[in-house]
Amino acid sequence: MRIMMSAGGTGGGVYPALAVAGALRKLYPDVTLTFVGARGDMARDLVHRSDVTFDGYYEVLAGPLHGIPRARQVVSLFKIVIGVIHSLILAIRLRPEALFLTGGWVGFPMAAACWLLRRPIVIYVPDIEPGLTLKILGRRFASTIAATAAETGTFYPGKTVVETGYPLRDEIVQASREAGIKALNLDPSRKTLLVFGGSKGSRSINTVMGQIGPDLLAEGLQIVHISGRLDFAQVEAQYTRLTDEQKKVYQVFAFIPDIGQAFAAADLVISRAGAATLAEYPQLGLPAILVPYPHTWRYQEVNADFLVAQGGAVRVDDERLADDLLPAIRALMGDPARLDAMRSAMSALRFPDGAANIARVLAQTAGHPAGNPDA
């Protein structure tokens with residue numbers, strides 16, 4: 001079985017692809033896996049650092065068309081035309097039986113090439129509402145849409161949409177509360193608030209936490225604050241202003257390699273509402289205060305509203321953080337019954353086999369029965 005993958009732009013596109021690649025290796029040991037990224041994209045480093053072995057890594061030209069000046073659009077169009085030609089050459093030479101896309105500009109030239117060669121295309125949509133690129137690619141090129149949640153089907157009328165769940169990393173699936181408390185040296189008698197803004201961080205969340213952190217510590221909470229790399233200096237400066245006693249129950253990190261430990265140990269998390277929240281928090285039954293990122297398409301708002309509607313989260317908008325975050329934390333941490341109900345609601349959304357489910361969809365799309373990799 002020969003599967004070609006393409007992803008890029010952000011880790012939100014690359015990490016799910018790598019999780020699916022790992023599942024394919026486990027389920028179908030003889031699979032031939034190739035990865036295609038955009039030239040100069042961050043995908044190269046993530047793929048080479050991963051523990052998944054690919055049979056080849058390639059790059060083609062690609063570029064964005066939406067939300068940029070006209071001059072950059074012209075340059076991107078030129079790159080895409082060259083990228084389609086290069087993608088055609090790759091697809092003819094490597095003869096993939098299916099193409100798997102998870103997002104990023106590189107998806108268009110690869111999708112166009114495989115569509116021209118009549119190779120089936122499976123697109124994975126991590127968010128409830130697809131971004132513009134995945135929406136266009138899914139409607140025009142895809143044979144099958146794999147989706148985190150069934151609600152995504154409303155955005156692809158007439159298409160085959162399979163609810164697979166999100167392809168979780170092993171560190172999330174295997175995490176436990178006991179191991180997380182031990183790894184982070186937490187006090188098991190205190191409630192733990194996790195503040196998490198993603199790998200880069202959230203400036204507004206980090207800033208507000210610097211203002212309200214001492215009040216929360218005074219009320220008996222312990223805090224694990226993962227600032228992201230960009231804001232670590234700011235958060236560290238906020239940390240230095242705490243008393244010695246407060247510092248014992250307020251931990252600050254730029255990032256944590258095994259984020260699953262922090263998720264498992266927390267009683268409540270404050271974070272943005274990226275696609276991973278739809279699966280990582282349910283997997284660990286973690287109640288959340290979600291703050292959708294306000295400067296991109298509305299997909300984070302849709303994700304947040306979905307989890308709120310299911311009873312597992314509370315939404316606080318970015319412009320209301322300074323006024324509403326502290327009362328929201330106090331209301332939840334002071335109401336154990338409500339936290340338990342949110343935990344149960346999150347757990348009810350658990351869908352732990354996303355990567356394996358998508359791997360089987362790919363195998364079937366490529367013409368290989370799911371239970372017989374060598375067929």
# chains A, B, ... in the order shown; residues from 1 in each chain; ligands from 1

$ closest_atom_pairs --of "stretch 139-165 of chain A" --to "stretch 110-129 of chain A" --cutoff "7 Å" --atoms "only C-alpha atoms" --output "tab-separated table"
residue	atom	partner	partner_atom	distance
A:Phe141	CA	A:Trp115	CA	6.3
A:Ala142	CA	A:Ile121	CA	4.8
A:Ser143	CA	A:Ile121	CA	5.2
A:Thr144	CA	A:Val122	CA	4.9
A:Ile145	CA	A:Ile123	CA	5.0
A:Ala146	CA	A:Tyr124	CA	4.6
A:Ala147	CA	A:Val125	CA	5.0
A:Thr148	CA	A:Pro126	CA	5.4
A:Ala149	CA	A:Ile128	CA	6.4
A:Glu151	CA	A:Ile128	CA	6.4
A:Thr152	CA	A:Ile128	CA	5.1

$ residues_around --residues "A:Ala237" --least-positions-apart "3" --cutoff "12 Å" --atoms "only C-alpha atoms" --output "PyMOL selection string"
chain A and resi 206-207+210+227+231-234+240-242+252

$ residues_around --residues "A:Lys79" --least-positions-apart "2" --cutoff "9 Å" --atoms "only C-alpha atoms" --output "ChimeraX atom specification"
/A:60-63,74-77,81-84

$ closest_residue --among "A:Ala91, A:Leu18, A:Leu278, A:Leu326" --to "A:Leu216" --atoms "only C-alpha atoms"
A:Leu326

$ select_by_dssp --residues "stretch 111-325 of chain A" --states "helix (DSSP H, G or I)" --output "JSON, numbers by chain"
{"A": [111, 112, 113, 114, 115, 116, 132, 133, 134, 135, 136, 137, 138, 139, 140, 150, 151, 152, 153, 154, 155, 170, 171, 172, 173, 177, 178, 179, 180, 181, 182, 183, 203, 204, 205, 206, 207, 208, 209, 210, 211, 212, 213, 214, 215, 216, 217, 218, 232, 233, 234, 235, 236, 237, 238, 239, 240, 244, 245, 246, 247, 259, 260, 261, 262, 263, 264, 265, 277, 278, 279, 280, 281, 282, 283, 284, 299, 300, 301, 302, 303, 304, 305, 306, 307, 308, 309, 318, 319, 320, 321, 322, 323, 324, 325]}

$ write_last_selection --atoms "C-alpha atoms" --output "mmCIF file, in the first residue's frame"
data_model
loop_
_atom_site.group_PDB
_atom_site.id
_atom_site.type_symbol
_atom_site.label_atom_id
_atom_site.label_comp_id
_atom_site.auth_asym_id
_atom_site.auth_seq_id
_atom_site.Cartn_x
_atom_site.Cartn_y
_atom_site.Cartn_z
ATOM 1 C CA ALA A 111 -4.557 17.773 -4.500
ATOM 2 C CA ALA A 112 -4.658 19.193 -8.022
ATOM 3 C CA ALA A 113 -1.965 16.764 -9.178
ATOM 4 C CA CYS A 114 -3.593 13.678 -7.661
ATOM 5 C CA TRP A 115 -7.029 14.734 -8.905
ATOM 6 C CA LEU A 116 -5.666 15.048 -12.452
ATOM 7 C CA LEU A 132 -10.945 28.063 3.790
ATOM 8 C CA THR A 133 -8.228 25.852 2.277
ATOM 9 C CA LEU A 134 -9.712 22.589 3.568
ATOM 10 C CA LYS A 135 -13.205 23.725 2.653
ATOM 11 C CA ILE A 136 -12.198 24.318 -0.970
ATOM 12 C CA LEU A 137 -10.047 21.190 -1.244
ATOM 13 C CA GLY A 138 -12.705 19.017 0.357
ATOM 14 C CA ARG A 139 -15.535 20.214 -1.848
ATOM 15 C CA ARG A 140 -13.598 20.098 -5.122
ATOM 16 C CA ALA A 150 -19.961 14.550 12.779
ATOM 17 C CA GLU A 151 -21.066 18.214 12.787
ATOM 18 C CA THR A 152 -18.397 18.923 10.153
ATOM 19 C CA GLY A 153 -20.577 17.141 7.596
ATOM 20 C CA THR A 154 -22.805 20.220 7.259
ATOM 21 C CA PHE A 155 -19.927 22.045 5.547
ATOM 22 C CA ASP A 170 0.422 8.628 22.508
ATOM 23 C CA GLU A 171 1.462 10.988 25.313
ATOM 24 C CA ILE A 172 -2.154 12.160 25.625
ATOM 25 C CA VAL A 173 -3.744 8.718 25.430
ATOM 26 C CA ARG A 177 -3.528 12.030 36.869
ATOM 27 C CA GLU A 178 -1.236 10.252 39.317
ATOM 28 C CA ALA A 179 1.728 10.350 36.930
ATOM 29 C CA GLY A 180 1.065 14.001 36.095
ATOM 30 C CA ILE A 181 0.943 15.081 39.740
ATOM 31 C CA LYS A 182 4.188 13.233 40.419
ATOM 32 C CA ALA A 183 5.980 14.560 37.325
ATOM 33 C CA ARG A 203 -0.286 37.269 25.063
ATOM 34 C CA SER A 204 -3.686 38.266 26.455
ATOM 35 C CA ILE A 205 -4.074 35.174 28.663
ATOM 36 C CA ASN A 206 -0.490 35.468 29.921
ATOM 37 C CA THR A 207 -0.939 39.163 30.746
ATOM 38 C CA VAL A 208 -4.204 38.723 32.639
ATOM 39 C CA MET A 209 -2.771 35.797 34.612
ATOM 40 C CA GLY A 210 0.017 38.095 35.802
ATOM 41 C CA GLN A 211 -2.676 40.323 37.277
ATOM 42 C CA ILE A 212 -4.948 37.711 38.857
ATOM 43 C CA GLY A 213 -2.469 34.963 39.725
ATOM 44 C CA PRO A 214 -1.702 36.199 43.271
ATOM 45 C CA ASP A 215 -5.429 36.363 44.096
ATOM 46 C CA LEU A 216 -5.932 32.767 42.977
ATOM 47 C CA LEU A 217 -2.942 31.557 44.976
ATOM 48 C CA ALA A 218 -4.323 33.324 48.049
ATOM 49 C CA PHE A 232 8.202 33.379 28.523
ATOM 50 C CA ALA A 233 10.336 36.397 29.470
ATOM 51 C CA GLN A 234 7.205 38.386 30.352
ATOM 52 C CA VAL A 235 5.673 35.564 32.400
ATOM 53 C CA GLU A 236 8.969 34.859 34.135
ATOM 54 C CA ALA A 237 9.175 38.551 35.118
ATOM 55 C CA GLN A 238 5.652 38.305 36.543
ATOM 56 C CA TYR A 239 6.741 35.207 38.462
ATOM 57 C CA THR A 240 9.705 36.968 40.079
ATOM 58 C CA ASP A 244 8.690 32.815 48.114
ATOM 59 C CA GLU A 245 5.613 31.029 49.463
ATOM 60 C CA GLN A 246 3.619 31.796 46.319
ATOM 61 C CA LYS A 247 6.401 30.512 44.093
ATOM 62 C CA ILE A 259 1.880 18.076 27.776
ATOM 63 C CA GLY A 260 -0.332 15.106 28.566
ATOM 64 C CA GLN A 261 1.027 15.070 32.114
ATOM 65 C CA ALA A 262 -0.137 18.637 32.685
ATOM 66 C CA PHE A 263 -3.576 17.983 31.176
ATOM 67 C CA ALA A 264 -4.057 14.858 33.307
ATOM 68 C CA ALA A 265 -3.011 16.597 36.544
ATOM 69 C CA THR A 277 -9.023 20.892 22.464
ATOM 70 C CA LEU A 278 -11.867 18.922 20.850
ATOM 71 C CA ALA A 279 -10.031 15.675 21.622
ATOM 72 C CA GLU A 280 -7.294 16.193 24.214
ATOM 73 C CA TYR A 281 -9.582 17.616 26.900
ATOM 74 C CA PRO A 282 -12.305 14.971 26.372
ATOM 75 C CA GLN A 283 -9.688 12.204 26.450
ATOM 76 C CA LEU A 284 -8.651 13.287 29.940
ATOM 77 C CA TYR A 299 -13.142 28.276 13.682
ATOM 78 C CA GLN A 300 -11.960 28.639 17.302
ATOM 79 C CA GLU A 301 -15.266 30.228 18.232
ATOM 80 C CA VAL A 302 -17.117 27.306 16.630
ATOM 81 C CA ASN A 303 -14.902 24.814 18.507
ATOM 82 C CA ALA A 304 -15.459 26.602 21.805
ATOM 83 C CA ASP A 305 -19.216 26.860 21.313
ATOM 84 C CA PHE A 306 -19.392 23.133 20.505
ATOM 85 C CA LEU A 307 -17.698 22.171 23.796
ATOM 86 C CA VAL A 308 -19.785 24.716 25.713
ATOM 87 C CA ALA A 309 -22.980 23.269 24.211
ATOM 88 C CA ASP A 318 -10.574 37.751 24.501
ATOM 89 C CA GLU A 319 -11.787 41.334 24.908
ATOM 90 C CA ARG A 320 -13.538 40.382 28.164
ATOM 91 C CA LEU A 321 -10.613 38.542 29.782
ATOM 92 C CA ALA A 322 -9.610 41.296 32.210
ATOM 93 C CA ASP A 323 -13.156 41.517 33.589
ATOM 94 C CA ASP A 324 -14.492 37.970 33.271
ATOM 95 C CA LEU A 325 -11.625 35.496 33.720
#

$ select_by_dssp --residues "stretch 5-120 of chain A" --states "strand (DSSP E)" --output "list in words"
Met5, Ser6, Ala7, Thr32, Leu33, Thr34, Phe35, Val36, Gly37, Ala38, Gly56, Tyr57, Tyr58, Glu59, Val60, Ala98, Leu99, Phe100, Leu101, Thr102 and Gly103 of chain A
